[in-house]
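Visitor: Have a look at this one before I ask anything.
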Amino acid sequence: TVFIADGAEDESTGGGSSAAGDAEKDEPQADPWGDVDRVNVLLLGSDAGPGREGTRPDTAIVASIDPATGDAVLFSLPRNLEDVPFPSDSLLSAYYPFGWPGDPSDPGSELLNAVYRYVPAEHPELFDDADDPGAEAMKLAAEGATGLPIDYYVMVDLDGFQQVVDALGGIDITVGERIPLESSLLPGGYCTEPTYYLEPGRQRLNGYEALWYARVRCGGETLSNDFDRMRRQRCVIGAMVDRADPITVLSRYESLAGTAQRIVTTDIPQELVPAFAELALRVQNSAVRTLPFTDKVIVPANPDYVAMRELVDDALTPPAPSPSPATGTSADADGSTGGTSGSSGSDSAATPGATPGATPQPPDESDGVLELDDVC
């Protein structure tokens with residue numbers, strides 16, 4: 001129910017098995033990624049939910065994966081990115097040769113997160129065949145911004161994110177500073193009083209805590225801007241990759257499946273699900289790197305998209321092997337090694353309670369592409 005079915009395939013397989021079909025199952029299957037240099041997936045986190053009108057994908061991250069090695073780079077696009085261009089071969093590029101301008105009478109409509117709602121409304125005829133016109137528009141915007149062809153998208157809403165984390169049994173995060181929970185930003189820049197705090201240290205967060213960790217914008221200068229939030233969101237993705245090892249996923253399959261069909265949408269076709277499962281294992285066993293387009297890298301209100309695409313190209317060049325014997329591993333705050341965000345993927349790597357004490361600050365992301373381990 002989550003993945004798009006191939007209609008022709010459904011017809012051919014709907015009436016039971018055949019000798020030809022059985023023979024095909026016995027033949028070795030070719031690697032579907034054999035001729036593919038990179039798989040680029042747009043990860044969207046929407047704020048659709050109770051009390052909210054429409055959908056605004058406040059989180060937009062392009063995951064670019066080398067299918068041969070599993071090497072992955074996460075490119076975070078700020079929600080307030082302006083004048084986002086569309087690919088030159090898209091009709092939207094002809095309509096908006098200088099990028100998406102928004103509606104001058106509607107403040108905020110010029111931002112990247114408004115593309116989902118406004119672009120299909122402006123040009124519905126361009127999205128007649130799309131199951132989710134907004135997601136298709138966001139794919140084109142991400143492609144224009146990064147220069148990468150976007151193959152697929154996956155979108156999860158706020159409530160769904162919390163459910164997925166709970167279905168995984170929580171995720172392991174190194175909290176760098178006190179994170180207020182249930183502290184919301186009010187008009188005028190004031191924040192409501194938090195219910196309690198996540199204390200610094202390595203700990204396992206449930207879905208509710210992980211949602212606040214990823215989205216909070218209250219509690220001090222470093223927590224009150226979108227760019228720090230972008231860093232925390234990438235750390236959450238890394239923690240989810242680590243947590244979703246085959247044993248965990250299989251043991252919690254019913255809970256995950258029931259959750260996913262309600263709150264996850266994607267245009268990944270059903271026939272590629274096994275290939276993506278294999279690809280996920282390769283990503284788990286490889287390095288995940290990250291390049292956020294924060295205000296230390298670009299000016300979101302006046303971005304240089306040529307420079308952005310050059311940074312993307314540079315980031316996709318695999319790093320040179322290190323002469324150190326510790327190549328391919330990284331130390332956690334607790335001294336363990338491995339994984340994309342410091343967890344080996346097993347429960348034994350997690351520390352159930354918080355470890356008191358300050359955590360070293362992440363490196364300056366203006367340095368360019370970084371290992372996700374170092375960021376988180």
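Letters A, B, ... mark the chains of the structure tokens in the order given; residue numbers begin at 1 per chain; ligand numbers begin at 1, in order shown.
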Which neighbours of A:Ala214 fall inside 10 Å, counting only C-alpha atoms, when residues of the same chain fewer than 4 positions from it are skipped, and could you give them as a VMD selection string?

Guide: chain A and resid 179 209 to 210 228 to 237

Visitor: From a DSSP pass on the backbone, collect the residues of stretch 49-264 of chain A flagged as helix (DSSP H, G or I) and hand them back as a count of residues only.

Guide: 91

Visitor: Can you pull out every residue within 7 Å of A:Thr259, counting only C-alpha atoms, but drop anything in the same chain fewer than 3 positions away, and send it as a PyMOL selection string?

Guide: chain A and resi 163-164+255-256+262-263

Visitor: Could you check how far atom CA of A:Tyr213 sits from atom CA of A:Arg178, in Å to one decimal?

Guide: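 According to the coordinates, atom CA of A:Tyr213 and atom CA of A:Arg178 are separated by 9.8 Å.
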
Visitor: Using only C-alpha atoms, find the one residue out of A:Asp58, A:Asp373, A:Asp151, A:Glu82 that sits nearest to A:Val36.

Guide: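 The shortest atom-to-atom distance to A:Val36 comes from A:Asp151.
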
Visitor: Could you tell me, as a PyMOL selection string, which residues of stretch 142-300 of chain A DSSP assigns to strand (DSSP E) when given the backbone?

Guide: chain A and resi 152-157+171-175+179-181+196-198+201-205+264-266+288-292

Visitor: For a quick check of understanding, using only C-alpha atoms, which of A:Thr55, A:Thr290, A:Thr317, A:Ser251 has the smallest distance to A:Arg38?

Guide: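 The shortest atom-to-atom distance to A:Arg38 comes from A:Thr317.
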
Visitor: Quick one: of A:Gly45, A:Gly108, A:Pro87, A:Gly34, who's nearest to A:Asp66, counting only C-alpha atoms?

Guide: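 Looking only at the distances to A:Asp66, the closest residue turns out to be A:Gly34.
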
Visitor: Calculated over only C-alpha atoms, which of the candidates A:Pro124, A:Gly201, A:Pro85, A:Gly99 has the smallest distance to A:Asp172?

Guide: A:Gly201

Visitor: Suppose you want the space between atom CA of A:Phe127 and atom CA of A:Val115; what is it in Å?

Guide: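 Atom CA of A:Val115 lies 13.2 Å from atom CA of A:Phe127.
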
Visitor: Nearest residue to A:Pro149 out of A:Ser90, A:Thr294, A:Thr192, A:Thr59, using only C-alpha atoms?

Guide: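 Nearest to A:Pro149: A:Ser90.
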
Visitor: How many Å separate atom CA of A:Ala72 from atom CA of A:Val297?

Guide: 20.0 Å

Visitor: List the spatial neighbours of A:Asp37 as a PDB file with C-alpha atoms, in the first residue's frame - criterion: any atom at most 10 Å away, only C-alpha atoms, same-chain residues fewer than 2 positions off excluded.

Guide:
```pdb
ATOM      1  CA  TRP A  33      21.706  -0.775  -9.866  1.00  0.00           C
ATOM      2  CA  GLY A  34      24.266  -2.257 -12.245  1.00  0.00           C
ATOM      3  CA  ASP A  35      24.181   0.634 -14.718  1.00  0.00           C
ATOM      4  CA  VAL A  39      20.524   6.913  -6.661  1.00  0.00           C
ATOM      5  CA  ASN A  40      19.151  10.274  -5.533  1.00  0.00           C
ATOM      6  CA  ILE A  65      23.854   7.090  -2.772  1.00  0.00           C
ATOM      7  CA  ASP A  66      26.539   5.214  -4.689  1.00  0.00           C
ATOM      8  CA  PRO A  67      24.754   1.864  -5.199  1.00  0.00           C
ATOM      9  CA  ALA A  68      28.006  -0.040  -5.649  1.00  0.00           C
TER      10      ALA A  68
END
```

Visitor: Nearest to A:Asp314 among A:Val288, A:Leu198, A:Val73, A:Ala145, with distances taken over only C-alpha atoms: which residue is it?

Guide: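 Under the stated criterion, the closest residue is A:Val73.
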
Visitor: Show which residues sit within 9 Å of A:Val306, as number ranges by chain. Count only C-alpha atoms, and ignore same-chain residues fewer than 2 positions away.

Guide: A: 145-147, 303-304, 308-311
